[in-house]
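Asker: Right, I'll just put the structure down here and ask away after.
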Amino acid sequence: MGQSWSTQPGVSKHRVRRRSLRKFIWQFPVILVGDSTVGKTSIVLRLTEGTFREDLQKTIGVDYYIHVLETTPTVRVKLQVWDTAGEKEHRTITQSHLRTILGGLLVFDLTNRQSLDYIRNWLVETCTVLDQCKCIFILVGHKSDLSAERQISQEEAEHIAADLGVRYIETSAKDDTNIQDVFLILASSIAESVKTEVSEVKGGMHGLTEINPVFLK
Ligand code: GDP
Ligand code: MG
């Protein structure tokens with residue numbers, strides 16, 4: 001772990017080139033938070049299966065999905081996506097998962113103003129846990145395809161996101177708008193923050209291998 005092979009004397013050029021083509025693979029646990037029916041499960045199913053259904057079963061407790069993507073040509077990220085239920089009775093499960101996650105999506109329904117209040121309340125309730133984990137969140141205005149029923153404008157949502165200190169993105173699982181992109185932005189932002197933190201602690205890129213990534217052959 002953390003070996004500085006590229007500067008070792010006696011390492012052949014061929015070997016250096018082969019190793020430089022290897023990839024980091026990181027595993028980031030992330031969470032989807034939001035009121036019931038805002039579309040969290042639909043977002044994950046569009047991401048992982050490329051499907052959309054009008055008649056989804058309610059999520060009970062927490063489900064988790066895996067999605068692999070590349071944030072740069074040399075960094076591959078395995079996202080563990082935790083899909084939570086919005087109901088209060090399942091909130092304790094969400095709290096326990098929060099301690100391990102690195103970030104997530106705060107999802108509200110653009111056609112339901114109340115769902116935006118849910119995000120604010122959720123943040124207030126969990127801010128002590130979040131302060132400890134230094135997570136990266138993105139505010140997501142979902143169901144952007146329903147433009148005629150919209151209750152929250154892009155300007156208003158951007159304003160709220162700025163207040164919360166997070167980015168804002170609009171998505172639709174129905175017409176597949178920004179679903180891949182929002183996870184790519186999330187994974188890239190986490191990768192960037194992990195890299196910065198580890199470089200500060202370890203004094204360089206090689207420390208990265210000690211978080212949890214391994215080299216791929
Ligand atoms: P969850 O409770 O937050 O997991 O929400 P679901 O994913 O179960 O979705 C609740 C309802 O909203 C379902 O009827 C979905 O078909 C619908 N839905 C989800 N995403 C979208 C979307 O992008 N556009 C539209 N029009 N409906 C959506
Ligand atoms: Mg669900």
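Residue numbering restarts at 1 for every chain of the structure tokens, chains are lettered A, B, ... in their displayed order, and ligands are numbered from 1 as they appear.
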Report as a PDB file with N, CA and C atoms, in the first residue's frame which protein, DNA and RNA residues come within 7 Å of ligand 2, using only C-alpha atoms and all ligand atoms.

Answerer:
```pdb
ATOM      1  N   SER A  36     -41.573  10.632   1.039  1.00  0.00           N
ATOM      2  CA  SER A  36     -42.166   9.507   0.319  1.00  0.00           C
ATOM      3  C   SER A  36     -42.766   9.992  -1.007  1.00  0.00           C
ATOM      4  N   THR A  37     -42.615   9.231  -2.059  1.00  0.00           N
ATOM      5  CA  THR A  37     -43.145   9.457  -3.422  1.00  0.00           C
ATOM      6  C   THR A  37     -42.461  10.578  -4.232  1.00  0.00           C
ATOM      7  N   GLY A  39     -39.694  10.238  -5.686  1.00  0.00           N
ATOM      8  CA  GLY A  39     -39.081   9.572  -6.837  1.00  0.00           C
ATOM      9  C   GLY A  39     -37.694   8.994  -6.589  1.00  0.00           C
ATOM     10  N   LYS A  40     -37.337   8.763  -5.345  1.00  0.00           N
ATOM     11  CA  LYS A  40     -35.986   8.253  -5.017  1.00  0.00           C
ATOM     12  C   LYS A  40     -35.719   6.886  -5.658  1.00  0.00           C
ATOM     13  N   THR A  41     -36.670   5.956  -5.452  1.00  0.00           N
ATOM     14  CA  THR A  41     -36.469   4.609  -6.006  1.00  0.00           C
ATOM     15  C   THR A  41     -36.426   4.665  -7.536  1.00  0.00           C
ATOM     16  N   LYS A  58     -43.802   0.749  -2.453  1.00  0.00           N
ATOM     17  CA  LYS A  58     -43.152   1.619  -1.477  1.00  0.00           C
ATOM     18  C   LYS A  58     -41.861   0.982  -0.975  1.00  0.00           C
ATOM     19  N   THR A  59     -40.834   1.811  -0.754  1.00  0.00           N
ATOM     20  CA  THR A  59     -39.612   1.293  -0.138  1.00  0.00           C
ATOM     21  C   THR A  59     -39.860   1.165   1.368  1.00  0.00           C
ATOM     22  N   ASP A  83     -31.080   3.560  -0.784  1.00  0.00           N
ATOM     23  CA  ASP A  83     -32.380   4.159  -1.092  1.00  0.00           C
ATOM     24  C   ASP A  83     -33.246   4.030   0.156  1.00  0.00           C
ATOM     25  N   THR A  84     -33.661   5.167   0.725  1.00  0.00           N
ATOM     26  CA  THR A  84     -34.357   5.126   2.014  1.00  0.00           C
ATOM     27  C   THR A  84     -35.850   5.373   1.853  1.00  0.00           C
ATOM     28  N   ALA A  85     -36.609   5.004   2.882  1.00  0.00           N
ATOM     29  CA  ALA A  85     -38.036   5.337   2.929  1.00  0.00           C
ATOM     30  C   ALA A  85     -38.164   6.714   3.563  1.00  0.00           C
TER      31      ALA A  85
END
```

Asker: Around ligand 1, which protein and nucleic acid residues have at least one atom no more than 8 Å from it, if we count only C-alpha atoms and all ligand atoms? List them as a PDB file with N, CA, C and O atoms, in the first residue's frame.

Answerer:
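Written out: result_22.pdb:
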```
ATOM      1  N   GLY A  34     -35.340  11.928   1.045  1.00  0.00           N
ATOM      2  CA  GLY A  34     -36.447  12.742   0.549  1.00  0.00           C
ATOM      3  C   GLY A  34     -37.766  12.146   0.992  1.00  0.00           C
ATOM      4  O   GLY A  34     -37.823  10.964   1.386  1.00  0.00           O
ATOM      5  N   ASP A  35     -38.809  12.953   0.927  1.00  0.00           N
ATOM      6  CA  ASP A  35     -40.137  12.536   1.346  1.00  0.00           C
ATOM      7  C   ASP A  35     -40.603  11.340   0.504  1.00  0.00           C
ATOM      8  O   ASP A  35     -40.096  11.118  -0.608  1.00  0.00           O
ATOM      9  N   SER A  36     -41.573  10.632   1.039  1.00  0.00           N
ATOM     10  CA  SER A  36     -42.166   9.507   0.319  1.00  0.00           C
ATOM     11  C   SER A  36     -42.766   9.992  -1.007  1.00  0.00           C
ATOM     12  O   SER A  36     -43.334  11.082  -1.056  1.00  0.00           O
ATOM     13  N   THR A  37     -42.615   9.231  -2.059  1.00  0.00           N
ATOM     14  CA  THR A  37     -43.145   9.457  -3.422  1.00  0.00           C
ATOM     15  C   THR A  37     -42.461  10.578  -4.232  1.00  0.00           C
ATOM     16  O   THR A  37     -42.920  10.916  -5.314  1.00  0.00           O
ATOM     17  N   VAL A  38     -41.363  11.143  -3.737  1.00  0.00           N
ATOM     18  CA  VAL A  38     -40.689  12.176  -4.546  1.00  0.00           C
ATOM     19  C   VAL A  38     -39.980  11.561  -5.759  1.00  0.00           C
ATOM     20  O   VAL A  38     -39.675  12.266  -6.723  1.00  0.00           O
ATOM     21  N   GLY A  39     -39.694  10.238  -5.686  1.00  0.00           N
ATOM     22  CA  GLY A  39     -39.081   9.572  -6.837  1.00  0.00           C
ATOM     23  C   GLY A  39     -37.694   8.994  -6.589  1.00  0.00           C
ATOM     24  O   GLY A  39     -36.960   8.704  -7.548  1.00  0.00           O
ATOM     25  N   LYS A  40     -37.337   8.763  -5.345  1.00  0.00           N
ATOM     26  CA  LYS A  40     -35.986   8.253  -5.017  1.00  0.00           C
ATOM     27  C   LYS A  40     -35.719   6.886  -5.658  1.00  0.00           C
ATOM     28  O   LYS A  40     -34.692   6.671  -6.300  1.00  0.00           O
ATOM     29  N   THR A  41     -36.670   5.956  -5.452  1.00  0.00           N
ATOM     30  CA  THR A  41     -36.469   4.609  -6.006  1.00  0.00           C
ATOM     31  C   THR A  41     -36.426   4.665  -7.536  1.00  0.00           C
ATOM     32  O   THR A  41     -35.621   3.972  -8.177  1.00  0.00           O
ATOM     33  N   SER A  42     -37.243   5.530  -8.116  1.00  0.00           N
ATOM     34  CA  SER A  42     -37.257   5.654  -9.580  1.00  0.00           C
ATOM     35  C   SER A  42     -35.908   6.169 -10.103  1.00  0.00           C
ATOM     36  O   SER A  42     -35.443   5.749 -11.171  1.00  0.00           O
ATOM     37  N   ILE A  43     -35.290   7.071  -9.356  1.00  0.00           N
ATOM     38  CA  ILE A  43     -33.976   7.591  -9.753  1.00  0.00           C
ATOM     39  C   ILE A  43     -32.951   6.448  -9.761  1.00  0.00           C
ATOM     40  O   ILE A  43     -32.188   6.286 -10.717  1.00  0.00           O
ATOM     41  N   PHE A  52     -38.121   2.717 -16.063  1.00  0.00           N
ATOM     42  CA  PHE A  52     -39.014   3.623 -15.326  1.00  0.00           C
ATOM     43  C   PHE A  52     -40.381   2.963 -15.205  1.00  0.00           C
ATOM     44  O   PHE A  52     -40.888   2.399 -16.176  1.00  0.00           O
ATOM     45  N   ARG A  53     -40.956   2.992 -13.988  1.00  0.00           N
ATOM     46  CA  ARG A  53     -42.277   2.390 -13.777  1.00  0.00           C
ATOM     47  C   ARG A  53     -43.194   3.372 -13.052  1.00  0.00           C
ATOM     48  O   ARG A  53     -42.769   4.074 -12.143  1.00  0.00           O
ATOM     49  N   GLU A  54     -44.466   3.421 -13.475  1.00  0.00           N
ATOM     50  CA  GLU A  54     -45.436   4.306 -12.816  1.00  0.00           C
ATOM     51  C   GLU A  54     -45.944   3.681 -11.514  1.00  0.00           C
ATOM     52  O   GLU A  54     -46.396   4.383 -10.616  1.00  0.00           O
ATOM     53  N   ASP A  55     -45.886   2.326 -11.409  1.00  0.00           N
ATOM     54  CA  ASP A  55     -46.556   1.618 -10.302  1.00  0.00           C
ATOM     55  C   ASP A  55     -45.537   0.945  -9.367  1.00  0.00           C
ATOM     56  O   ASP A  55     -45.563  -0.260  -9.181  1.00  0.00           O
ATOM     57  N   LEU A  56     -44.666   1.748  -8.765  1.00  0.00           N
ATOM     58  CA  LEU A  56     -43.626   1.173  -7.900  1.00  0.00           C
ATOM     59  C   LEU A  56     -44.159   0.865  -6.506  1.00  0.00           C
ATOM     60  O   LEU A  56     -44.998   1.584  -5.980  1.00  0.00           O
ATOM     61  N   GLN A  57     -43.614  -0.213  -5.911  1.00  0.00           N
ATOM     62  CA  GLN A  57     -43.934  -0.531  -4.509  1.00  0.00           C
ATOM     63  C   GLN A  57     -43.209   0.467  -3.613  1.00  0.00           C
ATOM     64  O   GLN A  57     -42.120   0.933  -3.962  1.00  0.00           O
ATOM     65  N   LYS A  58     -43.802   0.749  -2.453  1.00  0.00           N
ATOM     66  CA  LYS A  58     -43.152   1.619  -1.477  1.00  0.00           C
ATOM     67  C   LYS A  58     -41.861   0.982  -0.975  1.00  0.00           C
ATOM     68  O   LYS A  58     -41.817  -0.232  -0.766  1.00  0.00           O
ATOM     69  N   THR A  59     -40.834   1.811  -0.754  1.00  0.00           N
ATOM     70  CA  THR A  59     -39.612   1.293  -0.138  1.00  0.00           C
ATOM     71  C   THR A  59     -39.860   1.165   1.368  1.00  0.00           C
ATOM     72  O   THR A  59     -40.374   2.081   1.996  1.00  0.00           O
ATOM     73  N   ASP A  83     -31.080   3.560  -0.784  1.00  0.00           N
ATOM     74  CA  ASP A  83     -32.380   4.159  -1.092  1.00  0.00           C
ATOM     75  C   ASP A  83     -33.246   4.030   0.156  1.00  0.00           C
ATOM     76  O   ASP A  83     -33.535   2.922   0.603  1.00  0.00           O
ATOM     77  N   THR A  84     -33.661   5.167   0.725  1.00  0.00           N
ATOM     78  CA  THR A  84     -34.357   5.126   2.014  1.00  0.00           C
ATOM     79  C   THR A  84     -35.850   5.373   1.853  1.00  0.00           C
ATOM     80  O   THR A  84     -36.295   5.914   0.843  1.00  0.00           O
ATOM     81  N   ALA A  85     -36.609   5.004   2.882  1.00  0.00           N
ATOM     82  CA  ALA A  85     -38.036   5.337   2.929  1.00  0.00           C
ATOM     83  C   ALA A  85     -38.164   6.714   3.563  1.00  0.00           C
ATOM     84  O   ALA A  85     -37.347   7.095   4.402  1.00  0.00           O
ATOM     85  N   GLY A  86     -39.168   7.488   3.144  1.00  0.00           N
ATOM     86  CA  GLY A  86     -39.319   8.838   3.689  1.00  0.00           C
ATOM     87  C   GLY A  86     -40.052   8.886   5.018  1.00  0.00           C
ATOM     88  O   GLY A  86     -39.989   9.875   5.728  1.00  0.00           O
ATOM     89  N   VAL A 107     -33.521  14.757  -2.320  1.00  0.00           N
ATOM     90  CA  VAL A 107     -34.473  14.777  -3.436  1.00  0.00           C
ATOM     91  C   VAL A 107     -35.815  15.368  -3.005  1.00  0.00           C
ATOM     92  O   VAL A 107     -36.398  14.944  -2.013  1.00  0.00           O
ATOM     93  N   HIS A 142     -36.755  16.939  -8.561  1.00  0.00           N
ATOM     94  CA  HIS A 142     -37.077  15.789  -9.410  1.00  0.00           C
ATOM     95  C   HIS A 142     -38.451  15.938 -10.091  1.00  0.00           C
ATOM     96  O   HIS A 142     -39.273  16.725  -9.677  1.00  0.00           O
ATOM     97  N   LYS A 143     -38.677  15.131 -11.129  1.00  0.00           N
ATOM     98  CA  LYS A 143     -39.882  15.118 -11.987  1.00  0.00           C
ATOM     99  C   LYS A 143     -39.939  16.383 -12.849  1.00  0.00           C
ATOM    100  O   LYS A 143     -40.992  17.012 -12.997  1.00  0.00           O
ATOM    101  N   SER A 144     -38.794  16.756 -13.409  1.00  0.00           N
ATOM    102  CA  SER A 144     -38.726  17.965 -14.235  1.00  0.00           C
ATOM    103  C   SER A 144     -39.562  17.836 -15.509  1.00  0.00           C
ATOM    104  O   SER A 144     -39.867  18.831 -16.163  1.00  0.00           O
ATOM    105  N   ASP A 145     -39.957  16.601 -15.858  1.00  0.00           N
ATOM    106  CA  ASP A 145     -40.817  16.410 -17.047  1.00  0.00           C
ATOM    107  C   ASP A 145     -42.222  16.979 -16.838  1.00  0.00           C
ATOM    108  O   ASP A 145     -42.914  17.319 -17.795  1.00  0.00           O
ATOM    109  N   LEU A 146     -42.647  17.125 -15.550  1.00  0.00           N
ATOM    110  CA  LEU A 146     -44.008  17.619 -15.269  1.00  0.00           C
ATOM    111  C   LEU A 146     -44.011  19.153 -15.184  1.00  0.00           C
ATOM    112  O   LEU A 146     -44.389  19.734 -14.161  1.00  0.00           O
ATOM    113  N   THR A 171     -33.826  16.787 -12.269  1.00  0.00           N
ATOM    114  CA  THR A 171     -33.775  15.466 -12.906  1.00  0.00           C
ATOM    115  C   THR A 171     -35.183  14.975 -13.250  1.00  0.00           C
ATOM    116  O   THR A 171     -36.177  15.445 -12.702  1.00  0.00           O
ATOM    117  N   SER A 172     -35.212  14.006 -14.148  1.00  0.00           N
ATOM    118  CA  SER A 172     -36.446  13.250 -14.408  1.00  0.00           C
ATOM    119  C   SER A 172     -36.059  11.801 -14.670  1.00  0.00           C
ATOM    120  O   SER A 172     -35.213  11.527 -15.528  1.00  0.00           O
ATOM    121  N   ALA A 173     -36.677  10.892 -13.915  1.00  0.00           N
ATOM    122  CA  ALA A 173     -36.436   9.466 -14.180  1.00  0.00           C
ATOM    123  C   ALA A 173     -37.286   9.033 -15.364  1.00  0.00           C
ATOM    124  O   ALA A 173     -36.936   8.107 -16.086  1.00  0.00           O
ATOM    125  N   LYS A 174     -38.392   9.730 -15.570  1.00  0.00           N
ATOM    126  CA  LYS A 174     -39.306   9.350 -16.654  1.00  0.00           C
ATOM    127  C   LYS A 174     -38.658   9.573 -18.022  1.00  0.00           C
ATOM    128  O   LYS A 174     -38.626   8.671 -18.841  1.00  0.00           O
ATOM    129  N   ASP A 175     -38.138  10.784 -18.244  1.00  0.00           N
ATOM    130  CA  ASP A 175     -37.514  11.011 -19.552  1.00  0.00           C
ATOM    131  C   ASP A 175     -35.984  10.972 -19.479  1.00  0.00           C
ATOM    132  O   ASP A 175     -35.302  11.421 -20.404  1.00  0.00           O
ATOM    133  N   ASP A 176     -35.452  10.441 -18.378  1.00  0.00           N
ATOM    134  CA  ASP A 176     -34.015  10.211 -18.206  1.00  0.00           C
ATOM    135  C   ASP A 176     -33.190  11.499 -18.371  1.00  0.00           C
ATOM    136  O   ASP A 176     -32.250  11.550 -19.155  1.00  0.00           O
TER     137      ASP A 176
END
```

Asker: Using only C-alpha atoms, which residue out of A:Gly61, A:Leu123, A:Leu69, A:Leu45 lies closest to A:Ile25?

Answerer: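 Ranking A:Gly61, A:Leu123, A:Leu69, A:Leu45 by distance to A:Ile25, first place goes to A:Leu69.
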
Asker: Which of stretch 46-150 of chain A end up as helix (DSSP H, G or I) when DSSP is run on this backbone - answer as a PyMOL selection string?

Answerer: chain A and resi 46-49+88-98+113-133+147-149

Asker: Could the residues in this selection be saved with N, CA, C and O atoms as a short mmCIF file (atom, residue, chain, number, x, y, z; two decimals), in the first residue's frame?

Answerer:
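Dumped everything to again.cif:
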```
data_model
loop_
_atom_site.label_atom_id
_atom_site.label_comp_id
_atom_site.auth_asym_id
_atom_site.auth_seq_id
_atom_site.Cartn_x
_atom_site.Cartn_y
_atom_site.Cartn_z
N ARG A 46 -33.65 3.96 -12.62
CA ARG A 46 -33.23 4.53 -13.92
C ARG A 46 -31.70 4.45 -14.05
O ARG A 46 -31.17 4.10 -15.10
N LEU A 47 -31.00 4.72 -12.94
CA LEU A 47 -29.54 4.69 -12.96
C LEU A 47 -29.01 3.27 -13.17
O LEU A 47 -28.15 3.04 -14.02
N THR A 48 -29.54 2.32 -12.39
CA THR A 48 -28.93 0.99 -12.36
C THR A 48 -29.52 0.03 -13.39
O THR A 48 -28.85 -0.88 -13.85
N GLU A 49 -30.82 0.23 -13.75
CA GLU A 49 -31.46 -0.72 -14.68
C GLU A 49 -31.90 -0.06 -15.98
O GLU A 49 -32.31 -0.74 -16.91
N LYS A 88 -41.43 8.61 8.80
CA LYS A 88 -40.79 8.83 10.09
C LYS A 88 -40.41 7.53 10.80
O LYS A 88 -39.37 7.42 11.41
N GLU A 89 -41.31 6.52 10.70
CA GLU A 89 -41.06 5.28 11.45
C GLU A 89 -39.78 4.56 10.98
O GLU A 89 -39.27 3.71 11.68
N HIS A 90 -39.30 4.90 9.81
CA HIS A 90 -38.08 4.24 9.31
C HIS A 90 -36.86 5.14 9.45
O HIS A 90 -35.77 4.80 8.99
N ARG A 91 -37.04 6.30 10.06
CA ARG A 91 -35.97 7.29 10.13
C ARG A 91 -34.74 6.81 10.90
O ARG A 91 -33.62 7.17 10.59
N THR A 92 -34.95 5.95 11.92
CA THR A 92 -33.81 5.49 12.72
C THR A 92 -32.82 4.71 11.86
O THR A 92 -31.62 4.76 12.07
N ILE A 93 -33.35 3.98 10.88
CA ILE A 93 -32.46 3.20 9.99
C ILE A 93 -31.59 4.18 9.21
O ILE A 93 -30.38 4.02 9.10
N THR A 94 -32.21 5.25 8.72
CA THR A 94 -31.46 6.25 7.97
C THR A 94 -30.35 6.84 8.84
O THR A 94 -29.22 6.99 8.40
N GLN A 95 -30.68 7.15 10.08
CA GLN A 95 -29.67 7.74 10.99
C GLN A 95 -28.46 6.84 11.15
O GLN A 95 -27.33 7.30 11.12
N SER A 96 -28.71 5.53 11.31
CA SER A 96 -27.57 4.64 11.53
C SER A 96 -26.71 4.54 10.27
O SER A 96 -25.49 4.44 10.35
N HIS A 97 -27.33 4.59 9.09
CA HIS A 97 -26.54 4.52 7.85
C HIS A 97 -25.75 5.80 7.61
O HIS A 97 -24.71 5.78 6.98
N LEU A 98 -26.28 6.90 8.14
CA LEU A 98 -25.61 8.18 7.92
C LEU A 98 -24.18 8.21 8.44
O LEU A 98 -23.34 8.92 7.91
N ARG A 113 -44.56 21.24 -3.10
CA ARG A 113 -43.80 22.17 -2.26
C ARG A 113 -43.44 21.59 -0.90
O ARG A 113 -42.36 21.83 -0.37
N GLN A 114 -44.36 20.80 -0.35
CA GLN A 114 -44.11 20.21 0.98
C GLN A 114 -42.85 19.36 1.00
O GLN A 114 -42.18 19.26 2.02
N SER A 115 -42.53 18.74 -0.13
CA SER A 115 -41.38 17.83 -0.16
C SER A 115 -40.06 18.60 0.01
O SER A 115 -39.05 18.04 0.42
N LEU A 116 -40.10 19.90 -0.28
CA LEU A 116 -38.92 20.74 -0.08
C LEU A 116 -38.74 21.05 1.41
O LEU A 116 -37.62 21.07 1.93
N ASP A 117 -39.87 21.22 2.11
CA ASP A 117 -39.82 21.43 3.57
C ASP A 117 -39.22 20.20 4.25
O ASP A 117 -38.51 20.31 5.24
N TYR A 118 -39.55 19.03 3.71
CA TYR A 118 -39.02 17.79 4.28
C TYR A 118 -37.48 17.83 4.30
O TYR A 118 -36.85 17.46 5.28
N ILE A 119 -36.89 18.31 3.21
CA ILE A 119 -35.41 18.36 3.10
C ILE A 119 -34.84 19.28 4.18
O ILE A 119 -33.88 18.91 4.86
N ARG A 120 -35.47 20.43 4.35
CA ARG A 120 -34.98 21.37 5.38
C ARG A 120 -35.05 20.72 6.76
O ARG A 120 -34.10 20.77 7.53
N ASN A 121 -36.20 20.08 7.06
CA ASN A 121 -36.37 19.43 8.38
C ASN A 121 -35.36 18.31 8.56
O ASN A 121 -34.78 18.14 9.62
N TRP A 122 -35.18 17.54 7.50
CA TRP A 122 -34.24 16.41 7.57
C TRP A 122 -32.83 16.93 7.87
O TRP A 122 -32.12 16.36 8.70
N LEU A 123 -32.46 17.99 7.22
CA LEU A 123 -31.11 18.55 7.44
C LEU A 123 -30.94 19.05 8.87
O LEU A 123 -29.91 18.83 9.49
N VAL A 124 -31.99 19.70 9.38
CA VAL A 124 -31.92 20.20 10.76
C VAL A 124 -31.78 19.02 11.73
O VAL A 124 -30.95 19.03 12.63
N GLU A 125 -32.59 17.96 11.49
CA GLU A 125 -32.57 16.80 12.39
C GLU A 125 -31.24 16.08 12.38
O GLU A 125 -30.84 15.48 13.37
N THR A 126 -30.57 16.07 11.24
CA THR A 126 -29.38 15.21 11.11
C THR A 126 -28.07 16.00 11.08
O THR A 126 -27.02 15.40 10.87
N CYS A 127 -28.13 17.30 11.28
CA CYS A 127 -26.92 18.09 11.03
C CYS A 127 -25.75 17.71 11.95
O CYS A 127 -24.60 17.81 11.55
N THR A 128 -26.04 17.21 13.15
CA THR A 128 -24.90 16.84 14.02
C THR A 128 -24.17 15.63 13.43
O THR A 128 -22.95 15.58 13.42
N VAL A 129 -24.94 14.68 12.93
CA VAL A 129 -24.31 13.49 12.32
C VAL A 129 -23.53 13.92 11.07
O VAL A 129 -22.40 13.50 10.84
N LEU A 130 -24.15 14.81 10.26
CA LEU A 130 -23.50 15.23 9.02
C LEU A 130 -22.23 16.02 9.29
O LEU A 130 -21.24 15.89 8.56
N ASP A 131 -22.24 16.84 10.33
CA ASP A 131 -21.05 17.62 10.66
C ASP A 131 -19.87 16.70 10.92
O ASP A 131 -18.74 16.97 10.54
N GLN A 132 -20.18 15.57 11.55
CA GLN A 132 -19.10 14.63 11.86
C GLN A 132 -18.56 13.94 10.62
O GLN A 132 -17.40 13.64 10.51
N CYS A 133 -19.44 13.67 9.65
CA CYS A 133 -18.97 12.87 8.50
C CYS A 133 -18.53 13.71 7.29
O CYS A 133 -18.02 13.18 6.34
N SER A 147 -43.61 19.81 -16.26
CA SER A 147 -43.41 21.26 -16.19
C SER A 147 -44.71 22.03 -15.92
O SER A 147 -44.70 23.05 -15.22
N ALA A 148 -45.85 21.54 -16.40
CA ALA A 148 -47.12 22.25 -16.20
C ALA A 148 -47.57 22.22 -14.74
O ALA A 148 -48.32 23.10 -14.30
N GLU A 149 -47.11 21.20 -13.98
CA GLU A 149 -47.55 21.06 -12.58
C GLU A 149 -46.53 21.58 -11.57
O GLU A 149 -46.68 21.41 -10.37
#
```

Asker: Could you pull out the strand (DSSP E or B) residues of stretch 81-177 of chain A, going by DSSP on the backbone, and write them as a list in words?

Answerer: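 So the strand (DSSP E or B) residues in stretch 81-177 of chain A would be Val81, Trp82, Asp83, Thr84, Gly103, Gly104, Leu105, Leu106, Val107, Phe108, Asp109, Ile136, Phe137, Ile138, Leu139, Val140, Gly141, His142, Arg167, Tyr168, Ile169, Glu170, Thr171, Ser172 and Thr177 of chain A.
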
Asker: Need to verify the contact set: A:Ala161, 12 Å, only C-alpha atoms, exclusion of same-chain residues closer than 5 positions in sequence. Can you return it as a compact mmCIF listing (two decimals) with N, CA and C atoms, in the first residue's frame?

Answerer:
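File produced: selection32.txt:
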```txt
# COMPACT_ATOMS: atom_id res chain seq x y z
N LEU A 105 -27.95 12.45 -2.31
CA LEU A 105 -28.88 13.35 -3.00
C LEU A 105 -30.03 13.68 -2.07
N LEU A 106 -30.33 14.98 -1.96
CA LEU A 106 -31.49 15.45 -1.20
C LEU A 106 -32.59 15.69 -2.22
N VAL A 107 -33.52 14.76 -2.32
CA VAL A 107 -34.47 14.78 -3.44
C VAL A 107 -35.82 15.37 -3.01
N PHE A 108 -36.30 16.36 -3.78
CA PHE A 108 -37.68 16.82 -3.59
C PHE A 108 -38.39 16.78 -4.94
N LEU A 116 -40.10 19.90 -0.28
CA LEU A 116 -38.92 20.74 -0.08
C LEU A 116 -38.74 21.05 1.41
N ILE A 119 -36.89 18.31 3.21
CA ILE A 119 -35.41 18.36 3.10
C ILE A 119 -34.84 19.28 4.18
N ARG A 120 -35.47 20.43 4.35
CA ARG A 120 -34.98 21.37 5.38
C ARG A 120 -35.05 20.72 6.76
N PHE A 137 -23.44 16.74 -0.38
CA PHE A 137 -24.82 16.55 -0.82
C PHE A 137 -25.13 17.41 -2.04
N ILE A 138 -26.11 16.93 -2.82
CA ILE A 138 -26.63 17.72 -3.94
C ILE A 138 -28.15 17.81 -3.75
N LEU A 139 -28.70 19.01 -3.91
CA LEU A 139 -30.15 19.18 -3.86
C LEU A 139 -30.70 18.84 -5.25
N VAL A 140 -31.68 17.93 -5.28
CA VAL A 140 -32.22 17.47 -6.56
C VAL A 140 -33.71 17.80 -6.66
N GLY A 141 -34.06 18.63 -7.65
CA GLY A 141 -35.46 18.91 -7.96
C GLY A 141 -35.90 17.88 -8.98
N GLN A 154 -36.86 27.10 -10.85
CA GLN A 154 -35.42 26.79 -10.79
C GLN A 154 -34.70 27.84 -9.95
N GLU A 155 -35.11 29.11 -10.11
CA GLU A 155 -34.45 30.21 -9.38
C GLU A 155 -34.62 30.02 -7.88
N GLU A 156 -35.84 29.69 -7.45
CA GLU A 156 -36.10 29.52 -6.02
C GLU A 156 -35.26 28.35 -5.47
N VAL A 166 -25.05 23.78 -1.01
CA VAL A 166 -24.92 22.59 -1.87
C VAL A 166 -25.24 22.97 -3.33
N ARG A 167 -24.92 22.07 -4.26
CA ARG A 167 -25.27 22.30 -5.66
C ARG A 167 -26.72 21.94 -5.90
N TYR A 168 -27.28 22.45 -7.01
CA TYR A 168 -28.66 22.12 -7.35
C TYR A 168 -28.73 21.57 -8.77
N ILE A 169 -29.49 20.47 -8.93
CA ILE A 169 -29.66 19.86 -10.26
C ILE A 169 -31.12 19.39 -10.40
N GLU A 170 -31.68 19.54 -11.61
CA GLU A 170 -33.05 19.05 -11.86
C GLU A 170 -32.98 17.74 -12.65
```

Asker: With the cut-off set at 12 Å and counting only C-alpha atoms, tabulate each residue of stretch 58-123 of chain A with an atom at most that distance from an atom of stretch 179-183 of chain A, showing the nearest atom pair and its distance in Å to one decimal, ordered by chain and increasing number, as CSV.

Answerer:
```
residue,atom,partner,partner_atom,distance
A:Ile66,CA,A:Phe183,CA,11.9
A:His67,CA,A:Phe183,CA,9.3
A:Val68,CA,A:Phe183,CA,10.2
A:Leu69,CA,A:Phe183,CA,8.8
A:Glu70,CA,A:Phe183,CA,10.6
A:Thr71,CA,A:Phe183,CA,9.9
A:Val77,CA,A:Phe183,CA,10.5
A:Lys78,CA,A:Phe183,CA,11.1
A:Leu79,CA,A:Phe183,CA,8.7
A:Gln80,CA,A:Phe183,CA,11.2
A:Val81,CA,A:Phe183,CA,9.8
A:Gly103,CA,A:Phe183,CA,10.5
A:Gly104,CA,A:Phe183,CA,8.8
A:Leu105,CA,A:Val182,CA,8.5
A:Leu106,CA,A:Val182,CA,11.4
A:Val107,CA,A:Val182,CA,11.4
```
